[in-house]
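Trainee: Sending over work-v3.txt (compact mmCIF, C-alpha atoms).
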# COMPACT_ATOMS: atom_id res chain seq x y z
CA MET A 97 0.00 0.00 0.00
CA LYS A 98 2.82 2.37 0.93
CA SER A 99 4.72 1.63 -2.27
CA THR A 100 1.59 2.27 -4.35
CA LEU A 101 1.05 5.61 -2.62
CA LEU A 102 4.70 6.54 -3.13
CA ILE A 103 4.52 5.74 -6.85
CA PHE A 104 1.37 7.83 -7.15
CA LEU A 105 2.93 10.83 -5.39
CA LEU A 106 6.10 10.60 -7.50
CA SER A 107 4.10 10.38 -10.72
CA LEU A 108 2.04 13.37 -9.64
CA SER A 109 5.20 15.35 -8.93
CA VAL A 110 6.65 14.48 -12.34
CA TYR A 111 3.37 15.51 -14.00
CA ARG A 112 3.38 18.85 -12.18
CA LEU A 113 6.99 19.50 -13.20
CA CYS A 114 6.29 18.63 -16.83
CA ALA A 115 3.23 20.85 -16.86
CA GLN A 116 5.07 23.98 -15.77
CA GLU A 117 5.75 26.61 -18.41
CA ASN A 118 9.09 28.32 -18.08
CA ILE A 119 7.45 31.74 -18.03
CA SER A 120 8.02 34.48 -15.48
CA PRO A 121 6.39 37.90 -15.12
CA SER A 122 8.23 40.58 -17.04
CA ARG A 123 10.37 43.25 -15.46
CA PRO A 124 9.32 46.93 -15.56
CA GLN A 125 9.93 48.79 -18.80
CA SER A 126 13.39 50.25 -19.21
CA GLY A 127 13.99 52.77 -21.96
CA ASP A 128 11.54 54.40 -24.34
CA ILE A 129 9.96 52.21 -27.02
CA ALA A 130 8.36 53.24 -30.31
CA LEU A 131 6.12 50.94 -32.34
CA VAL A 132 6.38 52.23 -35.91
CA HIS A 133 4.87 51.67 -39.36
CA GLY A 134 1.93 49.64 -38.10
CA THR A 135 -1.76 50.38 -38.62
CA VAL A 136 -2.80 51.87 -35.27
CA HIS A 137 -6.32 51.18 -34.02
CA THR A 138 -6.72 53.52 -31.07
CA GLY A 139 -9.84 51.83 -29.64
CA ASN A 140 -11.87 55.04 -29.69
CA GLY A 141 -12.87 54.73 -33.34
CA GLU A 142 -9.75 56.18 -34.95
CA MET A 143 -7.44 54.26 -37.28
CA ILE A 144 -3.99 55.59 -38.28
CA PRO A 145 -2.18 53.97 -41.24
CA ASP A 146 1.63 53.95 -40.95
CA GLY A 147 1.25 54.96 -37.33
CA LEU A 148 3.45 55.50 -34.30
CA VAL A 149 2.93 54.58 -30.66
CA VAL A 150 5.57 55.67 -28.14
CA PHE A 151 5.59 54.62 -24.49
CA SER A 152 7.91 55.28 -21.57
CA ASN A 153 7.86 54.02 -17.96
CA GLY A 154 4.70 52.09 -18.68
CA LYS A 155 2.75 55.08 -20.05
CA ILE A 156 1.85 56.08 -23.59
CA THR A 157 3.57 59.34 -24.48
CA GLU A 158 2.67 59.74 -28.16
CA VAL A 159 0.21 58.34 -30.70
CA GLY A 160 0.04 59.54 -34.27
CA LYS A 161 1.40 59.35 -37.80
CA TYR A 162 4.96 58.15 -38.24
CA ALA A 163 7.02 61.18 -39.28
CA GLY A 164 10.49 59.72 -39.58
CA PRO A 165 13.18 57.96 -37.54
CA THR A 166 13.32 58.65 -33.81
CA LYS A 167 16.17 58.29 -31.34
CA LEU A 168 14.16 55.70 -29.41
CA THR A 169 14.18 51.92 -29.55
CA GLU A 170 12.00 51.33 -32.59
CA ILE A 171 10.08 48.13 -33.27
CA ASP A 172 9.11 47.85 -36.92
CA CYS A 173 5.44 46.80 -37.23
CA SER A 174 5.15 47.12 -41.00
CA GLY A 175 2.14 45.23 -42.29
CA LYS A 176 0.92 44.61 -38.75
CA HIS A 177 -1.88 46.06 -36.60
CA ILE A 178 -1.45 47.79 -33.25
CA TYR A 179 -4.34 47.67 -30.77
CA PRO A 180 -5.13 48.42 -27.13
CA GLY A 181 -4.95 45.28 -24.99
CA LEU A 182 -8.28 43.45 -25.01
CA ILE A 183 -10.41 43.36 -21.86
CA SER A 184 -12.52 40.40 -20.74
CA ALA A 185 -15.33 42.02 -18.76
CA ALA A 186 -16.83 38.84 -17.27
CA SER A 187 -14.76 35.77 -16.40
CA ILE A 188 -13.71 33.38 -13.64
CA LEU A 189 -10.13 33.41 -14.90
CA GLY A 190 -7.73 32.37 -12.15
CA LEU A 191 -10.51 30.93 -10.00
CA ASN A 192 -11.11 27.69 -11.85
CA GLU A 193 -8.36 25.61 -13.42
CA ILE A 194 -9.92 22.17 -13.99
CA SER A 195 -13.65 21.97 -13.29
CA ALA A 196 -13.51 18.23 -12.59
CA VAL A 197 -10.78 18.66 -9.95
CA ARG A 198 -12.32 20.27 -6.90
CA ALA A 199 -9.00 21.36 -5.44
CA THR A 200 -8.37 23.63 -8.44
CA SER A 201 -11.74 25.41 -8.22
CA ASP A 202 -12.23 28.33 -5.86
CA GLU A 203 -14.90 30.38 -7.61
CA ALA A 204 -17.93 29.88 -5.33
CA GLU A 205 -18.86 29.93 -1.65
CA LEU A 206 -21.75 28.41 0.28
CA GLY A 207 -24.72 30.59 1.18
CA ASP A 208 -27.00 32.95 -0.71
CA ILE A 209 -25.82 36.43 0.32
CA ASN A 210 -22.03 36.78 0.31
CA PRO A 211 -21.09 40.38 -0.56
CA ASN A 212 -17.98 40.02 1.62
CA ILE A 213 -16.47 37.36 -0.69
CA ARG A 214 -13.62 38.84 -2.76
CA ALA A 215 -12.56 37.24 -6.03
CA ALA A 216 -9.18 38.99 -5.95
CA ILE A 217 -7.73 37.10 -3.00
CA ALA A 218 -8.67 33.73 -4.55
CA TYR A 219 -7.08 34.64 -7.89
CA ASN A 220 -4.33 32.25 -8.97
CA ALA A 221 -1.71 34.26 -10.84
CA ASP A 222 0.01 30.98 -11.85
CA SER A 223 -3.01 29.63 -13.73
CA LYS A 224 -1.95 28.00 -16.99
CA ILE A 225 -5.09 29.32 -18.65
CA ILE A 226 -3.80 32.88 -18.28
CA TYR A 227 -0.95 32.19 -20.74
CA ASN A 228 -3.40 30.91 -23.36
CA VAL A 229 -5.75 33.84 -22.93
CA ARG A 230 -3.15 36.54 -23.26
CA SER A 231 -1.77 34.85 -26.39
CA ASN A 232 -5.07 35.92 -27.96
CA GLY A 233 -4.54 39.54 -26.93
CA ILE A 234 -6.47 39.62 -23.65
CA LEU A 235 -4.40 41.56 -21.13
CA LEU A 236 -7.00 42.47 -18.50
CA ALA A 237 -9.87 40.46 -17.03
CA ASN A 238 -12.70 41.24 -14.64
CA VAL A 239 -12.69 38.22 -12.33
CA ILE A 240 -16.12 37.46 -10.88
CA PRO A 241 -17.02 35.16 -7.95
CA GLN A 242 -19.85 32.67 -8.45
CA GLY A 243 -22.58 31.09 -6.37
CA GLY A 244 -25.49 32.35 -4.29
CA ILE A 245 -27.71 35.31 -5.08
CA ILE A 246 -25.12 37.92 -4.10
CA SER A 247 -21.83 36.24 -4.97
CA GLY A 248 -19.37 38.92 -3.83
CA SER A 249 -17.04 41.51 -5.35
CA SER A 250 -15.14 41.30 -8.62
CA SER A 251 -11.75 42.81 -9.39
CA VAL A 252 -10.00 43.70 -12.63
CA MET A 253 -6.70 41.83 -12.88
CA GLN A 254 -3.78 42.36 -15.27
CA LEU A 255 -2.48 39.08 -16.63
CA ASP A 256 1.23 39.25 -15.87
CA ALA A 257 1.95 38.96 -12.16
CA TRP A 258 3.65 36.94 -9.43
CA ASN A 259 0.61 36.94 -7.14
CA TRP A 260 -2.85 38.42 -6.76
CA GLU A 261 -1.55 41.60 -5.12
CA ASP A 262 0.65 42.30 -8.15
CA ALA A 263 -2.18 41.41 -10.52
CA VAL A 264 -4.80 43.80 -9.14
CA TYR A 265 -5.68 46.57 -11.59
CA ARG A 266 -8.88 47.69 -9.90
CA LEU A 267 -9.75 46.13 -6.57
CA ASP A 268 -13.35 45.24 -5.63
CA GLY A 269 -14.90 47.31 -8.40
CA GLY A 270 -18.36 45.75 -8.28
CA ILE A 271 -20.83 43.61 -6.34
CA HIS A 272 -22.59 40.83 -8.28
CA PHE A 273 -26.26 39.92 -7.99
CA ASN A 274 -27.48 36.74 -9.69
CA MET A 275 -31.11 37.47 -10.53
CA PRO A 276 -33.36 34.45 -9.86
CA ASN A 277 -35.15 33.17 -12.96
CA LEU A 278 -38.55 34.82 -13.44
CA VAL A 279 -39.81 32.48 -16.14
CA ARG A 280 -41.77 29.34 -15.32
CA PHE A 281 -40.09 26.24 -16.76
CA SER A 282 -41.82 23.73 -14.49
CA THR A 283 -45.39 22.85 -13.58
CA GLU A 284 -44.35 21.95 -10.04
CA GLY A 285 -44.76 24.59 -7.36
CA ASP A 286 -44.51 28.28 -8.21
CA PRO A 287 -40.92 29.07 -9.21
CA VAL A 288 -41.74 32.69 -10.07
CA LYS A 289 -43.13 33.28 -6.57
CA ASP A 290 -40.05 31.62 -5.09
CA ALA A 291 -37.83 33.89 -7.20
CA MET A 292 -39.70 37.02 -6.11
CA ASP A 293 -39.35 35.91 -2.48
CA GLN A 294 -35.60 35.60 -2.98
CA ILE A 295 -35.44 39.05 -4.55
CA GLU A 296 -37.42 40.48 -1.64
CA GLY A 297 -34.91 38.87 0.72
CA VAL A 298 -32.08 40.69 -1.07
CA ARG A 299 -34.07 43.93 -0.96
CA THR A 300 -34.45 43.50 2.80
CA PHE A 301 -30.71 42.93 3.11
CA PHE A 302 -29.91 46.20 1.33
CA ARG A 303 -32.50 48.12 3.37
CA GLN A 304 -30.87 46.83 6.53
CA ALA A 305 -27.44 47.69 5.14
CA LYS A 306 -28.64 51.22 4.36
CA ALA A 307 -29.91 51.63 7.91
CA TYR A 308 -26.58 50.31 9.19
CA MET A 309 -24.73 52.96 7.14
CA HIS A 310 -26.78 55.72 8.77
CA GLU A 311 -25.75 54.66 12.28
CA THR A 312 -23.01 56.85 13.70
CA ARG A 313 -21.46 53.99 15.69
CA HIS A 314 -21.80 50.22 15.80
CA GLU A 315 -21.45 47.91 18.76
CA GLN A 316 -20.36 45.20 16.33
CA THR A 317 -18.99 45.39 12.81
CA ASN A 318 -21.17 43.63 10.23
CA LEU A 319 -18.82 42.45 7.47
CA LYS A 320 -21.60 41.90 4.95
CA PHE A 321 -23.03 45.37 5.43
CA GLU A 322 -19.56 46.93 5.36
CA SER A 323 -18.86 45.12 2.07
CA VAL A 324 -21.62 47.04 0.26
CA ARG A 325 -20.79 50.47 1.69
CA LYS A 326 -19.17 51.58 -1.58
CA LEU A 327 -22.28 50.59 -3.52
CA PHE A 328 -24.22 53.24 -1.67
CA SER A 329 -21.47 55.85 -2.14
CA GLY A 330 -21.27 55.12 -5.89
CA GLU A 331 -17.67 53.89 -5.75
CA GLN A 332 -18.73 50.38 -6.74
CA THR A 333 -20.95 49.10 -9.55
CA PHE A 334 -23.96 46.85 -9.07
CA PHE A 335 -23.65 44.05 -11.64
CA VAL A 336 -26.91 42.16 -12.18
CA HIS A 337 -26.69 38.85 -14.01
CA CYS A 338 -29.88 38.27 -16.00
CA ASP A 339 -31.09 37.84 -19.57
CA LEU A 340 -34.84 38.34 -19.99
CA VAL A 341 -36.86 41.56 -20.21
CA LYS A 342 -38.83 40.95 -17.03
CA GLU A 343 -35.66 40.19 -15.08
CA MET A 344 -33.84 43.28 -16.36
CA MET A 345 -36.76 45.58 -15.56
CA VAL A 346 -37.02 44.17 -12.04
CA ALA A 347 -33.26 44.64 -11.65
CA VAL A 348 -33.39 48.27 -12.75
CA SER A 349 -36.33 49.02 -10.45
CA PHE A 350 -34.49 47.31 -7.60
CA ALA A 351 -31.27 49.26 -8.17
CA ARG A 352 -33.07 52.61 -8.54
CA GLU A 353 -34.52 52.22 -5.05
CA PHE A 354 -31.00 52.35 -3.64
CA GLY A 355 -29.37 54.62 -6.23
CA PHE A 356 -26.87 52.01 -7.41
CA ARG A 357 -24.86 52.45 -10.60
CA THR A 358 -26.11 49.39 -12.47
CA VAL A 359 -24.78 47.13 -15.22
CA ILE A 360 -26.65 44.19 -16.74
CA VAL A 361 -24.45 41.12 -17.33
CA GLY A 362 -25.89 38.76 -19.92
CA GLY A 363 -28.72 40.82 -21.36
CA ILE A 364 -29.70 38.46 -24.19
CA ASP A 365 -32.99 40.37 -24.54
CA SER A 366 -31.51 43.83 -23.90
CA TRP A 367 -32.11 44.83 -27.52
CA LYS A 368 -35.86 44.73 -26.81
CA ILE A 369 -35.78 47.47 -24.16
CA THR A 370 -33.07 49.83 -25.38
CA ASP A 371 -35.16 52.95 -24.65
CA TYR A 372 -35.69 51.78 -21.07
CA LEU A 373 -32.00 51.03 -20.56
CA LYS A 374 -30.93 54.34 -22.04
CA LYS A 375 -33.46 56.27 -19.94
CA TYR A 376 -31.95 54.92 -16.73
CA ASN A 377 -28.33 54.92 -17.97
CA ILE A 378 -27.92 51.14 -17.70
CA SER A 379 -24.91 49.55 -19.40
CA VAL A 380 -24.82 45.97 -20.69
CA VAL A 381 -22.10 43.32 -20.71
CA LEU A 382 -23.08 40.87 -23.45
CA ARG A 383 -21.66 37.61 -22.14
CA GLN A 384 -21.92 35.58 -25.33
CA VAL A 385 -22.45 36.10 -29.05
CA PHE A 386 -22.21 32.46 -30.11
CA THR A 387 -25.53 31.33 -28.65
CA LEU A 388 -29.21 30.92 -29.47
CA PRO A 389 -32.01 33.44 -28.80
CA ALA A 390 -33.91 33.33 -25.53
CA MET A 391 -37.32 33.00 -27.20
CA GLN A 392 -38.40 30.63 -29.97
CA ASP A 393 -39.97 33.37 -32.11
CA ASP A 394 -36.84 35.57 -32.13
CA ASP A 395 -34.64 35.68 -35.23
CA VAL A 396 -32.06 32.91 -35.05
CA ASP A 397 -29.26 35.46 -35.56
CA ILE A 398 -30.61 38.10 -33.18
CA ILE A 399 -27.77 37.56 -30.70
CA TYR A 400 -25.28 38.39 -33.47
CA LYS A 401 -27.23 41.58 -34.24
CA ALA A 402 -27.79 42.65 -30.62
CA PRO A 403 -24.53 44.67 -30.35
CA PHE A 404 -25.48 46.72 -33.43
CA LEU A 405 -28.99 47.34 -32.06
CA LEU A 406 -27.56 48.55 -28.75
CA GLN A 407 -25.05 50.73 -30.61
CA GLN A 408 -27.81 52.28 -32.73
CA ALA A 409 -29.90 53.00 -29.63
CA GLY A 410 -27.01 54.67 -27.81
CA VAL A 411 -26.83 52.10 -24.99
CA MET A 412 -23.37 51.63 -23.52
CA PHE A 413 -22.34 47.99 -23.94
CA CYS A 414 -19.34 45.74 -24.24
CA ILE A 415 -18.84 42.21 -25.53
CA SER A 416 -17.43 39.44 -23.37
CA ASP A 417 -16.99 35.68 -23.75
CA ALA A 418 -18.78 33.48 -21.25
CA ASN A 419 -17.80 30.19 -22.85
CA GLU A 420 -15.72 28.42 -20.22
CA SER A 421 -14.89 25.57 -22.61
CA SER A 422 -12.94 28.06 -24.77
CA ARG A 423 -11.53 29.69 -21.62
CA TYR A 424 -12.52 33.16 -22.93
CA ARG A 425 -10.06 32.98 -25.84
CA ASN A 426 -12.81 33.75 -28.37
CA LEU A 427 -13.38 37.28 -27.05
CA ALA A 428 -12.01 39.00 -30.17
CA PHE A 429 -13.90 36.65 -32.46
CA ASN A 430 -17.18 37.39 -30.68
CA ALA A 431 -16.58 41.03 -31.58
CA GLY A 432 -15.63 39.99 -35.11
CA VAL A 433 -18.99 38.26 -35.58
CA ALA A 434 -20.78 41.40 -34.33
CA SER A 435 -18.92 43.40 -36.99
CA ALA A 436 -20.44 41.14 -39.64
CA TYR A 437 -23.91 42.02 -38.34
CA GLY A 438 -23.86 45.80 -38.37
CA LEU A 439 -21.00 47.14 -36.26
CA THR A 440 -18.01 48.67 -38.01
CA ARG A 441 -14.65 47.03 -37.28
CA GLU A 442 -13.62 49.94 -35.06
CA GLN A 443 -16.93 49.83 -33.14
CA ALA A 444 -16.47 46.09 -32.63
CA LEU A 445 -12.93 46.69 -31.35
CA GLN A 446 -14.22 49.39 -29.02
CA ALA A 447 -16.71 46.88 -27.59
CA ILE A 448 -13.82 44.80 -26.20
CA THR A 449 -11.51 47.67 -25.27
CA LEU A 450 -12.68 51.18 -24.42
CA ASN A 451 -16.35 50.31 -23.79
CA ALA A 452 -15.31 47.50 -21.45
CA ALA A 453 -12.94 49.88 -19.66
CA LYS A 454 -15.73 52.45 -19.21
CA ILE A 455 -18.13 49.88 -17.78
CA LEU A 456 -15.45 48.58 -15.39
CA GLY A 457 -14.43 52.08 -14.34
CA ILE A 458 -10.84 51.91 -15.63
CA ASP A 459 -11.14 54.02 -18.80
CA ASN A 460 -8.99 56.77 -17.28
CA ARG A 461 -6.08 54.29 -17.33
CA THR A 462 -6.66 51.93 -20.25
CA GLY A 463 -8.97 50.81 -23.04
CA SER A 464 -7.54 53.02 -25.79
CA LEU A 465 -4.21 54.14 -27.17
CA GLU A 466 -4.08 57.70 -25.88
CA LYS A 467 -1.36 59.84 -24.35
CA GLY A 468 -1.14 59.39 -20.58
CA LYS A 469 -2.80 55.97 -20.43
CA ASP A 470 -1.08 52.73 -19.46
CA ALA A 471 0.85 51.07 -22.27
CA ASN A 472 -1.42 48.02 -22.53
CA ILE A 473 -0.80 47.22 -26.17
CA ILE A 474 -0.93 44.26 -28.54
CA VAL A 475 0.50 43.85 -32.03
CA SER A 476 -1.14 41.36 -34.40
CA GLU A 477 0.13 40.00 -37.70
CA GLY A 478 -3.40 40.46 -39.11
CA ASP A 479 -6.87 41.61 -38.10
CA VAL A 480 -7.23 40.61 -34.44
CA LEU A 481 -11.01 40.22 -34.88
CA ASP A 482 -10.60 37.67 -37.67
CA ILE A 483 -9.93 34.10 -36.53
CA ARG A 484 -8.16 33.38 -39.83
CA THR A 485 -5.57 36.16 -39.58
CA SER A 486 -5.35 36.97 -35.87
CA LEU A 487 -1.86 36.19 -34.61
CA VAL A 488 -0.68 38.26 -31.67
CA SER A 489 3.09 38.60 -31.95
CA LEU A 490 3.80 41.27 -29.31
CA ALA A 491 2.05 42.30 -26.11
CA PHE A 492 2.86 44.91 -23.47
CA ILE A 493 1.21 45.35 -20.06
CA GLN A 494 2.01 48.71 -18.49
CA GLY A 495 5.00 48.89 -20.85
CA ARG A 496 6.38 45.47 -19.94
CA GLN A 497 6.82 43.16 -22.91
CA ILE A 498 5.24 39.88 -21.85
CA ASP A 499 6.09 36.35 -22.92
CA LEU A 500 3.40 34.97 -25.24
CA ASP A 501 4.47 31.35 -24.89
CA ASN A 502 1.98 28.81 -23.51
CA LYS A 503 1.49 25.08 -23.05
CA GLN A 504 -0.32 24.65 -26.37
CA LYS A 505 2.52 26.29 -28.29
CA GLN A 506 5.05 24.14 -26.45
CA LEU A 507 3.16 20.95 -27.30
CA TYR A 508 2.78 22.05 -30.92
CA ASN A 509 6.51 22.67 -31.26
CA LYS A 510 7.29 19.42 -29.46
CA TYR A 511 5.27 17.20 -31.76
CA ILE A 512 5.98 18.84 -35.09
CA GLY A 513 9.61 18.31 -34.13
CA LYS A 514 8.93 14.67 -33.26
CA PHE A 515 7.45 13.95 -36.67
CA GLY A 516 10.11 15.90 -38.57
CA LEU A 517 7.83 18.70 -39.71
CA LYS A 518 10.10 21.55 -38.63
CA ASN A 519 12.15 23.34 -41.27
Output the file's structure in the form of structure tokens.

Mentor:
Amino acid sequence: MKSTLLIFLLSLSVYRLCAQENISPSRPQSGDIALVHGTVHTGNGEMIPDGLVVFSNGKITEVGKYAGPTKLTEIDCSGKHIYPGLISAASILGLNEISAVRATSDEAELGDINPNIRAAIAYNADSKIIYNVRSNGILLANVIPQGGIISGSSSVMQLDAWNWEDAVYRLDGGIHFNMPNLVRFSTEGDPVKDAMDQIEGVRTFFRQAKAYMHETRHEQTNLKFESVRKLFSGEQTFFVHCDLVKEMMVAVSFAREFGFRTVIVGGIDSWKITDYLKKYNISVVLRQVFTLPAMQDDDVDIIYKAPFLLQQAGVMFCISDANESSRYRNLAFNAGVASAYGLTREQALQAITLNAAKILGIDNRTGSLEKGKDANIIVSEGDVLDIRTSLVSLAFIQGRQIDLDNKQKQLYNKYIGKFGLKN
């Protein structure tokens, strides 16, 4: 028995060693860098052929037309495209490694109301998935806890760090409310009534929290009430996860009672109530483009067209990728599909860069290539929104050039070498 256990532990150790990528976080930028001759897509709708992007000490210092040689370290991007780093606005990146292995999953807690749960401190900066994601140009991710009705606070993380403290880009930026389903799918009981009872329970929680905030002193500190203090002050965003019209309207009414800045996450049917969303200044994070409509009588391609309909109505939105099986790598291609259904290419890019930054409250630092913002930049061999030509060859996070190697690339190189396919 002991020998069997020893063999198992040794094999596990060998597996773990073999599975480790030889990748370390990059050192801070040293020296000024100029990306030249590339087509610059600023992320705010502007495109500059034969452009120039200069950054120093992690900040962008110049964006414009290339006017001739500089005295800086120039990187020739001829024939390539320069973009802001992509932003995944809704993910559990770093919280779940292998769903079937419980020890690698730390995305959910027990209980229904957990506003004091913080995704940031559970974030695993050594996740192998991170390397794959950033190879597709995603440099920032909003990491969201799961489970319960109020699942906790999300944080925006930059994807090149030693630990969660290094990774934090915006800490505890929003509280997440998972709206109970308000559509009857069963003939047993009354699920809609049960859902409304759950919502009323959350409403009671926030009323009690509001009363707690108005007290000048407390005999005991209530961690759950303290965790939502910034919601009431407007420093945090109230993210409501729901898809259907009835659910979104209940969510907006709920949030208006407390004056929360509100964002709908999901919003499959958001295109149906654009006037309502615009009236109350509600933004939408579209979690998935590659999916079917919510209702049988909707156009089969309505989800592809939804970004264009929101754009036309003037509703602030961004595109995310909720497909855990792809590990969020299809973010750019979700936006690419939306550009085939009404959005321009620059609008589609904005939906995964600047719009996402605005919704997450980080647009003063990132989301577009503008002077004074962080140098979160990617360079692609082709159109980053096109799965056929997208090939990210360079990436910088706050000016640091990051390693774009990953396990898939290593395995590819290993086996084409084995079968003599390398030149």

Trainee: Of the residues A:Asn140, A:Gln494, A:Gln304, A:Asn192, which is the one nearest to Phe321 in chain A, using only C-alpha atoms?

Mentor: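 Closest to Phe321 in chain A of all the choices is A:Gln304.
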
Trainee: Give me the residues near Val264 in chain A as a PDB file with C-alpha atoms, in the coordinates of the input, where near means some atom within 8 Å (using only C-alpha atoms) and where sequence neighbours in that chain fewer than 5 positions away do not count.

Mentor:
ATOM      1  CA  ALA A 216      -9.180  38.990  -5.950  1.00  0.00           C
ATOM      2  CA  SER A 251     -11.750  42.810  -9.390  1.00  0.00           C
ATOM      3  CA  VAL A 252     -10.000  43.700 -12.630  1.00  0.00           C
ATOM      4  CA  MET A 253      -6.700  41.830 -12.880  1.00  0.00           C
ATOM      5  CA  GLN A 254      -3.780  42.360 -15.270  1.00  0.00           C
TER       6      GLN A 254
END

Trainee: Separation of CA of Leu427 in chain A and CA of Thr449 in chain A, in Å?

Mentor: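 Interatomic distance, CA of Leu427 in chain A to CA of Thr449 in chain A: 10.7 Å.
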
Trainee: What separation in Å, quoted to one decimal, exists between CA of Arg325 in chain A and CA of Gly457 in chain A?

Mentor: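 Going from CA of Arg325 in chain A over to CA of Gly457 in chain A covers 17.3 Å.
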
Trainee: Which residue is closest to Ser486 in chain A? Choose from A:Met391, A:Thr317, A:Tyr179, A:Ile498 and count all atoms listed in the file.

Mentor: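 Answer, going by the shortest atom-to-atom distance: A:Tyr179.
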
Trainee: Taking into account all atoms listed in the file, which residue in the set A:Pro180, A:Gly160, A:Pro165, A:Gly147 is nearest to Lys469 in chain A?

Mentor: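 Checking each candidate against Lys469 in chain A, we get A:Pro180 as the closest.
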
Trainee: Go through A:Tyr308, A:Phe335, A:Phe492, A:Phe273 one by one, measure the shortest atom-to-atom distance of each to Leu255 in chain A using only C-alpha atoms, and give the residue with the smallest value.

Mentor: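 The closest residue to Leu255 in chain A is A:Phe492.
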
Trainee: At what distance in Å, to one decimal, does CA of Ala263 in chain A lie from CA of Ala221 in chain A?

Mentor: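 Separation between CA of Ala221 in chain A and CA of Ala263 in chain A: 7.2 Å.
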
Trainee: Which is closer to Glu158 in chain A than all the others in A:Val136, A:Leu481, A:Ala434, A:Leu182, using all atoms listed in the file?

Mentor: A:Val136

Trainee: Once you count only C-alpha atoms, what closest atom pair and distance in Å to one decimal does each residue of range 227-316 of chain A within 10 Å of range 337-348 of chain A have, with rows by chain and rising residue number, as CSV?

Mentor:
residue,atom,partner,partner_atom,distance
A:Ile245,CA,A:His337,CA,9.7
A:His272,CA,A:His337,CA,7.3
A:Phe273,CA,A:His337,CA,6.1
A:Asn274,CA,A:His337,CA,4.9
A:Met275,CA,A:Cys338,CA,5.7
A:Pro276,CA,A:Cys338,CA,8.0
A:Asn277,CA,A:Glu343,CA,7.4
A:Leu278,CA,A:Glu343,CA,6.3
A:Val279,CA,A:Lys342,CA,8.6
A:Met292,CA,A:Val346,CA,9.7
A:Ile295,CA,A:Val346,CA,9.2

Trainee: I need the residue nearest Leu319 in chain A from this list: A:Thr462, A:Gln407, A:Gln125, A:Asn210. Use only C-alpha atoms for the distance.

Mentor: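 Under the stated criterion, the closest residue is A:Asn210.
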
Trainee: Which protein, DNA or RNA residues have an atom at most 10 Å from (-25.3, 50.1, -33.6), counting all atoms listed in the file? List them as a list in words.

Mentor: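 Final list of nearby residues, as requested, is Lys401, Ala402, Pro403, Phe404, Leu405, Leu406, Gln407, Gln408, Ala409, Gly410, Val411, Ala434, Ser435, Tyr437, Gly438, Leu439, Thr440, Gln443 and Ala444 of chain A.
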
Trainee: Quick one: residues within 6 Å of Thr333 in chain A, only C-alpha atoms, excluding same-chain residues fewer than 4 positions away - as an NGL selection string?

Mentor: :A and (270 or 357-358)
